[in-house]
Every structure is written in structure tokens, then in C-alpha cells.
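Written below as C-alpha cells is the structure these notes are about.
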Amino acid sequence: MTLGCVATLVLAACGSSEAAGGTAGESGGPTQLTVGYFPLVHTATAVHAQDAGLFEERGLQVELEQTAGGAQAIPSLMAGENDIIFSNYTSAVLAAQQGLPIRIIAGNDVGADDHAIMVNEDSSFQEPANLAGARIAVNNLKNIGTVAVNAVLEDAGVDISTIEFVELPLPDMQGALDAGNVDAIWQVEPFQASALANGDRVLFKLFSGPVDDMPVGGWITTEQFVQEQPEAVEAFRQALAASVEELQGNRERLVELVPTYSQVPAEVVQQVALPEWDAEPNPEQLRKMSDLMLEYEIISEEFDVSKIIVE
């Protein structure tokens, strides 16, 4: 279901959940939440919070459900199937600009060495400026990947109207590159580590130059849920912040944890570039991202992202 289709259903299903209980700790029982997450190294924040009892300590009984990613997960949020989901910020802002009552309640990860544009080892491309006319694989045509690629290439003097973005699932990008169906691929960990092991090379760090340290993804819910369950939202935020603090730079814990909820083996986690986590949304950087989305026609008009951030 597209975001446009979901927008027509907002009044019928604004994201409230029958599973959500009273406020955290009220009436002596935990508040039940269903939290959707995409199984990446980056979302270890939620899995660790669950596994280490950080949610439980704050009066939450959380059921984690794996989703297909930010843009695909938003319909499940709006239908009330999940109370909170992980999403890339571009998908969240696009949904909000289209009229969906999206609210950002917590940050998660910031673009760092764990994202890269990669090419075959023998590729003729040696720097971003060489990519004019290239076919570049991204996992969604209107998300943080296309925004960042356009910004870096434009900064390098590339006419971005010549770029052809090819939408592919992250696990399929390596095969497309090897087959010559694309010239470059956006790889995020753990796929980046696998590509390096395959002999591919990093052409450029995706979040560099004009998008250095750009926030990538965070945790979102609906306006209705924020209004009806403020204590649960705050408890979730506190648990996630505690999880981020415990995971930051903790490869040993990630090697132990990530294989339990993903298909990434421990030996790969040993090699990945670690995410940079930040549980606090960055309004200034998110405004910058929103402005780039307007420039690249992902959204149709200027959007004040600060109005969807829950402080």
C-alpha cells in the first residue's frame, strides 16, 4: 500500500491500538506496546532494550514485530497494527507532508561509516564526480538514500538529472552490481561488510560533505497515540536512550545480539562498521534534510519538520 493510499484511511484508522494498555505502570500492570522494526544492525537498540529488560523496567510490555522497512511499515502504523515503528526520516517526513499524522518520538541512527556507495573493484569510477549518467541502486526511490546521493553528487559538480536510480532490495544489490545491471550500489551494514568481502570497494561515504552526520532513521508513532499514551511514549524514549548508551561502540554485545533477530552471522558483525546512534532527534539536521527533499522534489512544498517532533 502506498502512502497516498494510506492517507485516505487516516480518519478510519489513526494508529491507535487495541493492544495498548493504560499509562506505563498504571493499575499495577505494564503498558502493552507493539513495536515494528526492520532487522538491521541499527535496530539493535530496540532488541537490546527488550532483551536487557529496559522496557520492562519502565512499565512496558513490548512485542517486537519485524517490518519490511520504513515506507512499507507506515501503513501498518496507520492501520493500528503497530503502536510505534522504526522508519527512515525521509519516509516519515514524506508521509507527514502528505497529511498523515506522523510524530517522531525518538532518534536512532546518524549517517556514518556504515553507509557507502560502492562499485566493483575494477570499476572505472574513481570519485563521485565520475558518476554522471550512472545507474545507482537504492532500496527506495524517495528516501534518505536518494537524498544523500543527490546532495553529494551535486556538490561534486554532477548534473544529477543524468543519474538513473534503480530500486532494489538491499540483499539484491550485490547481484545486480556483479551482473552489470547497475554501476554503483548503496550498501548499509551488514551488506557493506559483505560487499567488501566480495572484493567491491567504497567509492564514497554516503553521508559526507553536504550531508555529513545526517540523521537516518528514528522511531515514529501517530499524533493520536502521543495524545492518548504520553506516559508510554516517554517510557519508550527513556528505554531507547538507555539502550543507545549501552550499545554505543559495544561490538561484543552486537556480535552476541544481532544474529538472534537477523540473518547476519556473528562473523559478519565482527567486521561491520558500527552504527552511530543518537536517541535524540536533531531538529536542525532534520530541517536540512526536509529542505533537500523539497529541492529534489520528493515533497511538493516546504515542510516545517519541527512540528512533528515530540519534545
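Lettering and numbering for the C-alpha cells are positional, with chains as A, B, ... in the shown order, residues counted from 1 in each chain, and ligands counted from 1 in the shown order.
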Check which residues of segment 180-229 of chain A sit at most 10 Å from segment 54-73 of chain A using only C-alpha atoms, and return one row each with the closest pair of atoms and their distance in Å to one decimal, ordered by chain and rising number, as CSV.
residue,atom,partner,partner_atom,distance
A:Gly217,CA,A:Gly70,CA,8.5
A:Gly218,CA,A:Gly70,CA,9.5
A:Trp219,CA,A:Gly70,CA,9.7
A:Ile220,CA,A:Gly70,CA,9.7
Residue neighbourhood Ala52 of chain A, 12 Å, only C-alpha atoms, exclusion window fewer than 2 positions, as a VMD selection string:
chain A and resid 44 to 50 54 to 58 239 to 240 242 to 243 246 to 247 253 257
Keeping only C-alpha atoms, write the selected residues to a file as a PDB file, in the first residue's frame.
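Final output, part15.pdb:
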ATOM      1  CA  ALA A  44      19.661  -3.481  17.832  1.00  0.00           C
ATOM      2  CA  THR A  45      18.594  -0.535  20.001  1.00  0.00           C
ATOM      3  CA  ALA A  46      15.049  -1.893  20.316  1.00  0.00           C
ATOM      4  CA  VAL A  47      16.055  -5.549  20.538  1.00  0.00           C
ATOM      5  CA  HIS A  48      18.603  -4.827  23.263  1.00  0.00           C
ATOM      6  CA  ALA A  49      16.063  -2.739  25.175  1.00  0.00           C
ATOM      7  CA  GLN A  50      13.744  -5.734  25.091  1.00  0.00           C
ATOM      8  CA  LEU A  54      14.955  -1.863  29.729  1.00  0.00           C
ATOM      9  CA  PHE A  55      11.348  -1.678  28.526  1.00  0.00           C
ATOM     10  CA  GLU A  56      10.101  -3.795  31.404  1.00  0.00           C
ATOM     11  CA  GLU A  57      11.922  -1.638  33.956  1.00  0.00           C
ATOM     12  CA  ARG A  58       9.885   1.321  32.714  1.00  0.00           C
ATOM     13  CA  ALA A 239      14.326   2.829  27.464  1.00  0.00           C
ATOM     14  CA  LEU A 240      15.683   3.523  23.994  1.00  0.00           C
ATOM     15  CA  ALA A 242      19.379   3.723  27.891  1.00  0.00           C
ATOM     16  CA  SER A 243      19.813   1.097  25.171  1.00  0.00           C
ATOM     17  CA  GLU A 246      24.775   0.657  26.464  1.00  0.00           C
ATOM     18  CA  LEU A 247      25.271  -0.247  22.784  1.00  0.00           C
ATOM     19  CA  ARG A 253      27.211  -7.069  22.575  1.00  0.00           C
ATOM     20  CA  LEU A 257      22.709  -9.909  19.790  1.00  0.00           C
TER      21      LEU A 257
END
For the helix (DSSP H, G or I) assignment from backbone DSSP, which residues of segment 46-244 of chain A qualify? Please present them as a PyMOL selection string.
chain A and resi 46-51+54-57+70-78+89-97+128-131+144-155+160-162+170-178+191-197+209-211+223-228+230-244
Close residues, Glu280 of chain A itself excluded, 9 Å, only C-alpha atoms, min 5 positions apart in chain, as a CSV table (one decimal) with C-alpha atoms, in the first residue's frame:
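Output file out36.csv follows:
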chain,number,residue,atom,x,y,z
A,105,ILE,CA,9.3,10.4,19.2
A,106,ALA,CA,12.9,9.3,19.3
A,107,GLY,CA,16.1,9.2,17.2
A,108,ASN,CA,18.1,6.1,16.4
A,218,GLY,CA,14.2,7.0,14.1
A,237,ARG,CA,12.0,7.1,24.8
A,241,ALA,CA,18.1,6.2,25.3
Nearby residues (only C-alpha atoms) at most 12 Å from Gly175 of chain A, same-chain spacing under 4 positions excluded, as an mmCIF file with N, CA and C atoms, in the first residue's frame:
data_model
loop_
_atom_site.group_PDB
_atom_site.id
_atom_site.type_symbol
_atom_site.label_atom_id
_atom_site.label_comp_id
_atom_site.auth_asym_id
_atom_site.auth_seq_id
_atom_site.Cartn_x
_atom_site.Cartn_y
_atom_site.Cartn_z
ATOM 1 N N VAL A 119 31.237 0.239 -5.615
ATOM 2 C CA VAL A 119 31.385 -0.182 -7.016
ATOM 3 C C VAL A 119 32.245 -1.435 -7.053
ATOM 4 N N ASN A 120 32.231 -2.114 -8.201
ATOM 5 C CA ASN A 120 33.123 -3.256 -8.379
ATOM 6 C C ASN A 120 34.576 -2.812 -8.293
ATOM 7 N N ALA A 137 21.834 1.847 -7.535
ATOM 8 C CA ALA A 137 20.790 1.102 -6.839
ATOM 9 C C ALA A 137 20.535 1.696 -5.457
ATOM 10 N N LEU A 168 15.952 -1.420 -5.748
ATOM 11 C CA LEU A 168 16.212 -2.839 -5.491
ATOM 12 C C LEU A 168 16.246 -3.083 -3.983
ATOM 13 N N PRO A 169 15.808 -4.253 -3.531
ATOM 14 C CA PRO A 169 16.008 -4.600 -2.120
ATOM 15 C C PRO A 169 17.501 -4.668 -1.818
ATOM 16 N N LEU A 170 17.880 -4.280 -0.616
ATOM 17 C CA LEU A 170 19.297 -4.269 -0.253
ATOM 18 C C LEU A 170 19.992 -5.607 -0.501
ATOM 19 N N PRO A 171 19.372 -6.745 -0.172
ATOM 20 C CA PRO A 171 20.073 -8.014 -0.399
ATOM 21 C C PRO A 171 20.314 -8.335 -1.874
ATOM 22 N N ALA A 179 26.294 -8.404 -11.993
ATOM 23 C CA ALA A 179 25.762 -8.698 -13.330
ATOM 24 C C ALA A 179 25.878 -7.517 -14.277
ATOM 25 N N GLY A 180 26.295 -6.364 -13.781
ATOM 26 C CA GLY A 180 26.415 -5.179 -14.613
ATOM 27 C C GLY A 180 25.112 -4.464 -14.868
ATOM 28 N N ASN A 181 24.080 -4.788 -14.075
ATOM 29 C CA ASN A 181 22.782 -4.145 -14.260
ATOM 30 C C ASN A 181 22.736 -2.743 -13.659
ATOM 31 N N VAL A 182 23.656 -2.475 -12.741
ATOM 32 C CA VAL A 182 23.815 -1.141 -12.167
ATOM 33 C C VAL A 182 25.308 -0.846 -12.082
ATOM 34 N N ASP A 183 25.632 0.435 -11.954
ATOM 35 C CA ASP A 183 27.039 0.848 -11.886
ATOM 36 C C ASP A 183 27.543 1.012 -10.461
ATOM 37 N N ALA A 184 26.622 1.300 -9.544
ATOM 38 C CA ALA A 184 27.001 1.527 -8.154
ATOM 39 C C ALA A 184 25.815 1.158 -7.275
ATOM 40 N N ILE A 185 26.092 0.824 -6.017
ATOM 41 C CA ILE A 185 25.037 0.408 -5.102
ATOM 42 C C ILE A 185 25.207 1.110 -3.757
ATOM 43 N N PHE A 191 25.336 -5.295 4.809
ATOM 44 C CA PHE A 191 25.596 -5.571 3.403
ATOM 45 C C PHE A 191 26.916 -4.965 2.936
ATOM 46 N N SER A 194 29.685 -7.380 3.636
ATOM 47 C CA SER A 194 29.632 -8.487 2.674
ATOM 48 C C SER A 194 30.177 -8.062 1.319
ATOM 49 N N ALA A 195 29.850 -6.835 0.897
ATOM 50 C CA ALA A 195 30.348 -6.331 -0.381
ATOM 51 C C ALA A 195 31.870 -6.178 -0.362
ATOM 52 N N ASN A 198 33.392 -9.371 -0.788
ATOM 53 C CA ASN A 198 33.236 -9.813 -2.179
ATOM 54 C C ASN A 198 34.274 -9.175 -3.101
ATOM 55 N N ASP A 200 34.422 -5.738 -3.589
ATOM 56 C CA ASP A 200 33.978 -4.413 -4.027
ATOM 57 C C ASP A 200 34.670 -3.341 -3.184
#
Who sits within 9 Å of Gly249 of chain A, only C-alpha atoms, same chain under 5 positions skipped, as an MDAnalysis selection string
chainID A and resid 274:276
